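*Asks:* I'd like to ask some things about the structure below.
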Amino acid sequence: MNDALTLLSFGDAGWGDEIAHGVFITVTLALATLPFGLLLGLLIALAKRSSEPSLQMAANLFTTLFRGLPELLVLFLVYYGIQTGVSQLFKLLGYDAYIEINAFISGIIALCMVFSSYASEAFLSAFQGIPKGQYEGGYALGLSRFQTLRLIILPQLVRLALPALGNLWLILLKDTSLVSVIGLADLVRQSGIAARVTKDPFLFFGVACLIYLLLAMISSIGISRIENWSKRGEQAR
Amino acid sequence: MKVADHFIEPRPAVITAARHQWTGARITGNVLMALWIIAGASLLYYLGQNVFSPFTAKYWPKYVSGFQTTITVVVISILIGAAVSLPIAMARASKYKIFSAPAYAYVYFFRGTPLLAQTFLIYYGSGTFRDALSDIGVWWFFRDAWYCIVFAFSLNTSAYQAEILRGAIQNVPKGQWEGGQALGLSKPVIFLKIILPQALMVALRPYGNEIILMLKSSAIASIVTIYDLMGETRRAYSRSFDFQAYLWAAVFYLIVVEGLRRLWDRFEHRLTRHLTR
């Protein structure tokens, strides 16, 4: 037991600081993906609700594609795809350089694609929960389409979409573990290094799992707080 | 007293925006579709060019065997997971804390941690207990990546399936239990013959989603040296440095996942046809 504590301690003897850094990378990656994913997901949901068939089709193709591919494959496609694409472009321009794309950026892009295609479904079903009269009320007040969306629909949409989005956040948090494969020093990778060096894999991967559980618990508490906040108008009645 | 002093003439109907107008949405939609078509066409052209290249001649058979591995792993894991999920779901729904608390912890653990970390915990983590595992004679099981993957996937999917099953069973109205009891049936018979069939009907859709999720997450097997579809892809890329390795994999995965989704939709539609009016 003391052995385990020494191994997990901060400082030279233990791996605590390395693992803490991995946690930091994992959380930062998930938090950095979230705003882009939400925005893109909302735009895709709006496109799917549009009366314009070409816009609908473009949005549907996007979600079919990124919901049909394994997350790991999307990550590789983005990571190596950008690398290959950019170096081909440089070759065309006459440079011959080895390009390496930042694993963190690739991770954000790949996770954002996957997250947004699932989030668009969440937004879409939330949109269906908003009665048509809400739009009509907005138009009757003389608000423009964008103003109606921003001032009347979105505040209600957030409340309806939150449970599904909370689940997606938990999935996103777990999916960040995949970036360890393209060399980003996240929680899984740091634990893997520690496990290989100390020859105590069960301890480190067990700790990694427990940290993921802890993150999930903290997120659940946060999500239920946000849900309560979004429902504050309902409780007054 | 006359209230209305003049008659309002009927007005012409408001002319709604003609369909042929180039609105912002229409332009955006067309541009995006054009981009998709260009991307799709260039992908088809690129892959079509390479259908008879040495790359496909060399690696296509490997893709096929990788695909078989993927399907085998997924099918076995789903089946074992289904068998394990039933007692877990029952324990989870039990009113006794002794049963429900561990079942809850089990489900929470496997749903709250990434499959990758679970796989590493089982595959690499078992090395910590090598001596103990050798002593009880199961080291051969944990030494082999294939067994470990199936083990990890089965445990993972059993937790998800248990939740699906529990939700579906609780969804069956209480009157069904009471009706069974009124007929003098014993509890196991009511459960197996009345409750479970109805619950499975409700659970069809989430089960389909779970199978698709499993098929997609099975790509994780490639990280622990299993040559499934993803594993063969990574091997092909690391040997040839040819990006088409990943493009082919994307095409295969997309066809399989989308095909399975459509097939399951039909299957569900067929099985629930007595419920639609």
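Going by the structure tokens order, chains are called A, B, ..., each with residues numbered from 1, while ligands are numbered from 1 in the order shown.
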Taking only C-alpha atoms into account, what are the residues of chain A at most 7 Å from chain B, put as a PyMOL selection string?
*Replies:* chain A and resi 52+54-55+58+68-70+72+77+174-175+177+188+200-202+205-206+209+212-213+216
*Asks:* Let me see the file: selected residues, N, CA, C and O atoms, as a PDB file, in the first residue's frame.
*Replies:*
ATOM      1  N   GLU A  52     -34.906  24.528 -47.161  1.00  0.00           N
ATOM      2  CA  GLU A  52     -34.112  24.385 -48.378  1.00  0.00           C
ATOM      3  C   GLU A  52     -33.567  22.954 -48.479  1.00  0.00           C
ATOM      4  O   GLU A  52     -32.784  22.529 -47.631  1.00  0.00           O
ATOM      5  N   SER A  54     -31.373  21.456 -50.374  1.00  0.00           N
ATOM      6  CA  SER A  54     -29.932  21.225 -50.541  1.00  0.00           C
ATOM      7  C   SER A  54     -29.199  21.378 -49.210  1.00  0.00           C
ATOM      8  O   SER A  54     -28.266  20.623 -48.906  1.00  0.00           O
ATOM      9  N   LEU A  55     -29.665  22.343 -48.409  1.00  0.00           N
ATOM     10  CA  LEU A  55     -29.040  22.568 -47.102  1.00  0.00           C
ATOM     11  C   LEU A  55     -29.300  21.368 -46.189  1.00  0.00           C
ATOM     12  O   LEU A  55     -28.399  20.887 -45.482  1.00  0.00           O
ATOM     13  N   ALA A  58     -27.060  18.475 -47.284  1.00  0.00           N
ATOM     14  CA  ALA A  58     -25.659  18.657 -46.911  1.00  0.00           C
ATOM     15  C   ALA A  58     -25.472  18.319 -45.432  1.00  0.00           C
ATOM     16  O   ALA A  58     -24.514  17.628 -45.048  1.00  0.00           O
ATOM     17  N   GLY A  68     -21.314   7.362 -38.691  1.00  0.00           N
ATOM     18  CA  GLY A  68     -21.067   6.024 -39.217  1.00  0.00           C
ATOM     19  C   GLY A  68     -19.621   5.577 -39.094  1.00  0.00           C
ATOM     20  O   GLY A  68     -19.330   4.395 -39.232  1.00  0.00           O
ATOM     21  N   LEU A  69     -18.717   6.523 -38.838  1.00  0.00           N
ATOM     22  CA  LEU A  69     -17.304   6.154 -38.757  1.00  0.00           C
ATOM     23  C   LEU A  69     -16.898   5.992 -37.300  1.00  0.00           C
ATOM     24  O   LEU A  69     -17.345   6.762 -36.455  1.00  0.00           O
ATOM     25  N   PRO A  70     -16.046   5.011 -37.007  1.00  0.00           N
ATOM     26  CA  PRO A  70     -15.539   4.904 -35.647  1.00  0.00           C
ATOM     27  C   PRO A  70     -14.746   6.162 -35.278  1.00  0.00           C
ATOM     28  O   PRO A  70     -14.081   6.733 -36.139  1.00  0.00           O
ATOM     29  N   LEU A  72     -12.162   6.519 -33.590  1.00  0.00           N
ATOM     30  CA  LEU A  72     -10.719   6.320 -33.757  1.00  0.00           C
ATOM     31  C   LEU A  72     -10.316   6.576 -35.204  1.00  0.00           C
ATOM     32  O   LEU A  72      -9.293   7.209 -35.483  1.00  0.00           O
ATOM     33  N   LEU A  77      -8.088   9.817 -39.664  1.00  0.00           N
ATOM     34  CA  LEU A  77      -8.348  10.499 -40.937  1.00  0.00           C
ATOM     35  C   LEU A  77      -7.961  11.968 -40.830  1.00  0.00           C
ATOM     36  O   LEU A  77      -7.325  12.518 -41.730  1.00  0.00           O
ATOM     37  N   LYS A 174     -15.081  10.736 -22.394  1.00  0.00           N
ATOM     38  CA  LYS A 174     -14.499   9.397 -22.560  1.00  0.00           C
ATOM     39  C   LYS A 174     -13.765   9.274 -23.888  1.00  0.00           C
ATOM     40  O   LYS A 174     -12.727   8.620 -23.959  1.00  0.00           O
ATOM     41  N   ASP A 175     -14.332   9.910 -24.921  1.00  0.00           N
ATOM     42  CA  ASP A 175     -13.700   9.799 -26.244  1.00  0.00           C
ATOM     43  C   ASP A 175     -12.336  10.473 -26.303  1.00  0.00           C
ATOM     44  O   ASP A 175     -11.522  10.138 -27.160  1.00  0.00           O
ATOM     45  N   SER A 177     -10.006   9.944 -24.566  1.00  0.00           N
ATOM     46  CA  SER A 177      -8.950   8.959 -24.289  1.00  0.00           C
ATOM     47  C   SER A 177      -8.307   8.477 -25.582  1.00  0.00           C
ATOM     48  O   SER A 177      -7.157   8.040 -25.576  1.00  0.00           O
ATOM     49  N   VAL A 188      -4.661   8.692 -20.276  1.00  0.00           N
ATOM     50  CA  VAL A 188      -4.368   7.293 -20.586  1.00  0.00           C
ATOM     51  C   VAL A 188      -2.904   7.116 -20.971  1.00  0.00           C
ATOM     52  O   VAL A 188      -2.236   6.169 -20.539  1.00  0.00           O
ATOM     53  N   ASP A 200       3.913  -1.584 -12.952  1.00  0.00           N
ATOM     54  CA  ASP A 200       2.729  -1.817 -12.129  1.00  0.00           C
ATOM     55  C   ASP A 200       1.490  -1.320 -12.880  1.00  0.00           C
ATOM     56  O   ASP A 200       0.866  -0.329 -12.499  1.00  0.00           O
ATOM     57  N   PRO A 201       1.152  -2.007 -14.000  1.00  0.00           N
ATOM     58  CA  PRO A 201       0.089  -1.482 -14.870  1.00  0.00           C
ATOM     59  C   PRO A 201      -1.267  -1.415 -14.198  1.00  0.00           C
ATOM     60  O   PRO A 201      -2.023  -0.474 -14.434  1.00  0.00           O
ATOM     61  N   PHE A 202      -1.582  -2.398 -13.346  1.00  0.00           N
ATOM     62  CA  PHE A 202      -2.937  -2.418 -12.783  1.00  0.00           C
ATOM     63  C   PHE A 202      -3.197  -1.167 -11.953  1.00  0.00           C
ATOM     64  O   PHE A 202      -4.261  -0.558 -12.052  1.00  0.00           O
ATOM     65  N   PHE A 205      -3.496   2.008 -14.476  1.00  0.00           N
ATOM     66  CA  PHE A 205      -4.714   2.043 -15.281  1.00  0.00           C
ATOM     67  C   PHE A 205      -5.955   2.075 -14.392  1.00  0.00           C
ATOM     68  O   PHE A 205      -6.962   2.684 -14.745  1.00  0.00           O
ATOM     69  N   GLY A 206      -5.857   1.429 -13.230  1.00  0.00           N
ATOM     70  CA  GLY A 206      -6.964   1.512 -12.276  1.00  0.00           C
ATOM     71  C   GLY A 206      -7.181   2.944 -11.816  1.00  0.00           C
ATOM     72  O   GLY A 206      -8.310   3.434 -11.772  1.00  0.00           O
ATOM     73  N   CYS A 209      -8.817   4.884 -14.557  1.00  0.00           N
ATOM     74  CA  CYS A 209     -10.261   4.637 -14.615  1.00  0.00           C
ATOM     75  C   CYS A 209     -10.974   5.406 -13.514  1.00  0.00           C
ATOM     76  O   CYS A 209     -12.022   6.019 -13.745  1.00  0.00           O
ATOM     77  N   TYR A 212     -11.270   8.994 -14.358  1.00  0.00           N
ATOM     78  CA  TYR A 212     -12.360   9.221 -15.325  1.00  0.00           C
ATOM     79  C   TYR A 212     -13.712   9.201 -14.615  1.00  0.00           C
ATOM     80  O   TYR A 212     -14.594  10.017 -14.907  1.00  0.00           O
ATOM     81  N   LEU A 213     -13.859   8.253 -13.680  1.00  0.00           N
ATOM     82  CA  LEU A 213     -15.122   8.180 -12.930  1.00  0.00           C
ATOM     83  C   LEU A 213     -15.352   9.465 -12.148  1.00  0.00           C
ATOM     84  O   LEU A 213     -16.459  10.007 -12.117  1.00  0.00           O
ATOM     85  N   ALA A 216     -16.419  12.133 -14.363  1.00  0.00           N
ATOM     86  CA  ALA A 216     -17.822  11.939 -14.744  1.00  0.00           C
ATOM     87  C   ALA A 216     -18.741  12.396 -13.617  1.00  0.00           C
ATOM     88  O   ALA A 216     -19.765  13.045 -13.848  1.00  0.00           O
TER      89      ALA A 216
END
*Asks:* Excluding region 36-50 of chain A and residues on its chain fewer than 2 positions from it, collect all residues at most 10 Å away from it, counting only C-alpha atoms, and give them as a ChimeraX atom specification.
*Replies:* /A:31-34,52-60,62-63,108-109,111-128,154,165 /B:25-26,28-29
*Asks:* Going by DSSP on the backbone, which bits of region 14-165 of chain A are alpha helix (DSSP H)? Write them as a PyMOL selection string, please.
*Replies:* chain A and resi 16-49+53-68+71-93+103-128+132-140+145-148+154-165
*Asks:* Using only C-alpha atoms, which of the listed residues (B:Trp177, B:Thr56, B:Asp228, B:Gln21) sits closest to Thr72 (chain B)?
*Replies:*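 Closest to Thr72 (chain B) of all the choices is B:Asp228.
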*Asks:* Could you pull the residues within 12 Å of His274 (chain B), counting only C-alpha atoms, minus those fewer than 5 positions along the same chain, as a list in words?
*Replies:*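 My list of contacting residues is Met201, Glu268 and His269 of chain B.
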*Asks:* Using only N, CA and C atoms, please write the residues we just selected to a file, as a short mmCIF file (atom, residue, chain, number, x, y, z; two decimals), in the first residue's frame.
*Replies:*
data_model
loop_
_atom_site.label_atom_id
_atom_site.label_comp_id
_atom_site.auth_asym_id
_atom_site.auth_seq_id
_atom_site.Cartn_x
_atom_site.Cartn_y
_atom_site.Cartn_z
N MET B 201 -39.30 -5.81 -27.03
CA MET B 201 -39.84 -5.05 -28.13
C MET B 201 -39.49 -3.58 -27.97
N GLU B 268 -36.74 -3.87 -37.09
CA GLU B 268 -37.58 -3.32 -36.04
C GLU B 268 -38.98 -3.03 -36.57
N HIS B 269 -39.02 -2.48 -37.76
CA HIS B 269 -40.30 -2.16 -38.38
C HIS B 269 -41.14 -3.42 -38.54
#
